[in-house]
Structure formats: structure tokens, C-alpha cells
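Novice: The structure under discussion is supplied below as C-alpha cells; questions concerning it will follow.
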Amino acid sequence: MRAVGERHGMFGVSGTGDTSGYGGLVSATVFPAPSQKPYGGWFDEVAGALEARLEATELTSAIESVVVHRGEITFHVRREDLPFVAQMLRDDEALRFEFCSGVSGVHYPEDTGRELHAVYHLTSMTHNRRIRLEVTAPDSDPHVPSLVSIYPTLDWHERETYDMFGLIFDGHPALTRVLMPDDWPGHPQRKDYPLGGIPVEYKGGSIPPPDQRRSYN
């Protein structure tokens with residue numbers, strides 16, 4: 001496994017404002033190690049078909065690693081090769097992952113150079129299989145190629161991930177905020193976004209930060 005930091009408490013709160021009872025919790029943030037072949041079952045069929053297509057196009061480095069964890073398989077893809085890999089997964093007869101049910105953003109502030117992750121959930125209705133693709137981008141260059149032209153269902157999913165995490169999907173037809181107002185500062189689901197203390201839009205009120213709220217004993 002690869003450790004990328006420590007988490008203190010349950011909700012990032014410290015001091016008297018923590019009323020959750022989890023203030024003393026300390027847990028390591030770790031990523032599962034890359035898996036080795038054979039992966040088992042149909043995982044080997046999918047990985048083999050994908051590798052064969054990549055070798056035929058001289059893009060063998062497009063897949064950075066493969067992780068099998070808790071009965072699920074994730075392909076970690078180099079971000080510049082993401083559209084090509086996604087199109088092969090959709091169109092190849094041995095793969096046929098026709099449907100992408102969404103993209104999720106994740107923020108790991110201590111994963112230096114790979115702080116932002118985008119995770120895609122693909123389904124093959126032909127073969128009744130599910131896999132994940134994962135790409136990373138640094139805070140300093142939060143750009144990932146859009147997959148809307150390959151999977152149109154990602155239109156609003158990419159907009160939401162941009163809105164909440166600040167990932168910029170290059171090539172998206174209309175990458176605008178979908179939940180927050182257009183002029184809202186920051187991206188609310190990032191780990192470095194403040195908890196409370198943000199003025200309530202249109203109301204003139206505010207929520208105090210957690211360490212300034214009432215505590216109970």
C-alpha cells in the first residue's frame with residue numbers, strides 16, 4: 001500500500017467545536033498496491049483485451065497500474081490517453097463497456113503532484129461487467145480530457161465534478177457550475193475548503209466555523 005497522509009478526527013474539526021465524539025480518531029490515508037496477474041475470473045479477459053489493443057497502437061504506457069481491491073478492478077490511466085482508452089473500452093467487441101454511469105472527484109491534498117483524482121464507473125451491458133477508470137491531475141494543472149463525446153451521459157457529471165472539486169474537463173461543450181452560483185469562490189468538496197464561516201447566499205447570515213460553535217460536555 002502507499003500512504004498519502006493522515007486523517008485526524010472524523011470531520012476535520014479540532015478544539016471545543018467538535019461534538020461528534022470522534023475528535024481523537026487518527027487514521028492513515030492509504031492506496032491499495034497495484035495487483036499482479038492473474039487478477040482472477042473475467043478481470044483477466046478485460047485486462048488482456050485492453051492490453052492487446054494498446055500494444056497494437058503502441059500505447060502500452062497508457063495504463064499506469066491495475067488495482068484489484070475488495071472484488072473490484074480499477075485501471076489507472078495516464079490522463080492524456082484517457083479518451084483513447086475510453087473509446088477502446090466502449091467499441092471493442094471483447095470489451096463493450098457501452099455505459100458510463102458517472103465521474104466522481106476525489107481530493108487528496110497530501111498526494112503531491114496527484115492531488116485531484118477523477119474516477120469513472122463503466123458498465124458493459126453486453127457482458128454484464130463493471131470496471132473503474134481513474135486518472136489524476138495536480139492542483140497546479142487541474143485539467144482532464146472530457147469524455148462527453150464518447151459517453152454523453154457525463155455532460156452534467158463532469159460539470160458537477162468541476163463545480164465541487166475544480167477539475168477542468170477540456171473539451172466539455174459547456175463547463176459551468178451546476179450546483180453553486182456562478183460567482184461562488186472555491187470548490188466545496190475539496191479537503192481544504194473551510195467548514196462553516198461561509199456567508200449564506202442571499203440571506204446575509206453566516207455559519208460560524210466548527211471551533212466557534214457551541215460545544216457540549
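By convention in this document, the chains of the C-alpha cells carry letters A, B, ... by their order, each chain's residues are numbered from 1, and ligands are numbered from 1 in the order they are shown.
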From range 16-201 of chain A, collect each residue whose DSSP state is helix (DSSP H, G or I) and return the set as a ChimeraX atom specification.
Specialist: /A:16-17,42-56,60-62,79-91,154-165
Novice: Write out, as a tab-separated table, each residue of range 61-98 of chain A that has an atom at most 12 Å from range 156-169 of chain A, together with the closest pair of atoms and their distance in Å to one decimal, counting only C-alpha atoms, rows going by chain and rising number.
Specialist:
```
residue	atom	partner	partner_atom	distance
A:Arg79	CA	A:Phe169	CA	10.9
A:Glu80	CA	A:Phe169	CA	11.6
A:Leu82	CA	A:Phe169	CA	11.6
A:Pro83	CA	A:Phe169	CA	11.5
```
Novice: Which residues of range 127-187 of chain A come within 10 Å of range 110-114 of chain A, and what is each one's closest atom pair and distance in Å (one decimal), counting only C-alpha atoms, sorted by chain and residue number, as a Markdown table?
Specialist:
```
| residue | atom | partner | partner_atom | distance |
| --- | --- | --- | --- | --- |
| A:Val135 | CA | A:Arg114 | CA | 9.0 |
| A:Thr136 | CA | A:Arg114 | CA | 5.3 |
| A:Ala137 | CA | A:Arg114 | CA | 5.1 |
| A:Pro138 | CA | A:Gly113 | CA | 4.6 |
| A:Asp139 | CA | A:Gly113 | CA | 7.2 |
| A:Ser140 | CA | A:Gly113 | CA | 8.2 |
| A:Asp141 | CA | A:Gly113 | CA | 9.2 |
| A:Pro142 | CA | A:Arg114 | CA | 9.5 |
```
Novice: Pick out the residues sitting within 8 Å of Arg132 in chain A, and hand them over as a ChimeraX atom specification; count only C-alpha atoms, and ignore anything fewer than 3 positions along from it in its own chain.
Specialist: /A:73-75,119-122
Novice: Which parts of range 84-206 of chain A does DSSP call strand (DSSP E) when run on the backbone here, written out as a PyMOL selection string?
Specialist: chain A and resi 99-107+116-124+129-137+143-145+168-170
Novice: So, with only C-alpha atoms as the atoms that count, which of A:Asp44, A:Asp155, A:Glu134, A:Glu72 lies closest to Leu116 in chain A?
Specialist: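 Between A:Asp44, A:Asp155, A:Glu134, A:Glu72, the residue approaching Leu116 in chain A most closely is A:Glu134.
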Novice: Given the choices A:Glu45, A:His107, A:Gln87, A:Met180, which gets closest to Tyr193 in chain A if the distance is worked out from only C-alpha atoms?
Specialist: A:His107
Novice: Neighbouring residues of Glu51 in chain A were defined as those with any atom within 9 Å, considering only C-alpha atoms; residues of the same chain fewer than 6 positions away were excluded. Please report them as a PDB file with N, CA, C and O atoms, in the first residue's frame.
Specialist:
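Done, and the output landed in part_32.pdb:
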```
ATOM      1  N   LEU A  59       0.564   2.086 -27.438  1.00  0.00           N
ATOM      2  CA  LEU A  59       0.240   2.910 -26.270  1.00  0.00           C
ATOM      3  C   LEU A  59       0.257   2.062 -24.997  1.00  0.00           C
ATOM      4  O   LEU A  59      -0.625   2.175 -24.148  1.00  0.00           O
ATOM      5  N   THR A  60       1.267   1.222 -24.882  1.00  0.00           N
ATOM      6  CA  THR A  60       1.326   0.300 -23.741  1.00  0.00           C
ATOM      7  C   THR A  60       1.486   1.039 -22.414  1.00  0.00           C
ATOM      8  O   THR A  60       1.162   0.492 -21.364  1.00  0.00           O
ATOM      9  N   ILE A  63      -1.826   2.591 -19.515  1.00  0.00           N
ATOM     10  CA  ILE A  63      -2.293   2.051 -18.247  1.00  0.00           C
ATOM     11  C   ILE A  63      -1.132   2.087 -17.265  1.00  0.00           C
ATOM     12  O   ILE A  63      -0.149   1.367 -17.425  1.00  0.00           O
TER      13      ILE A  63
END
```
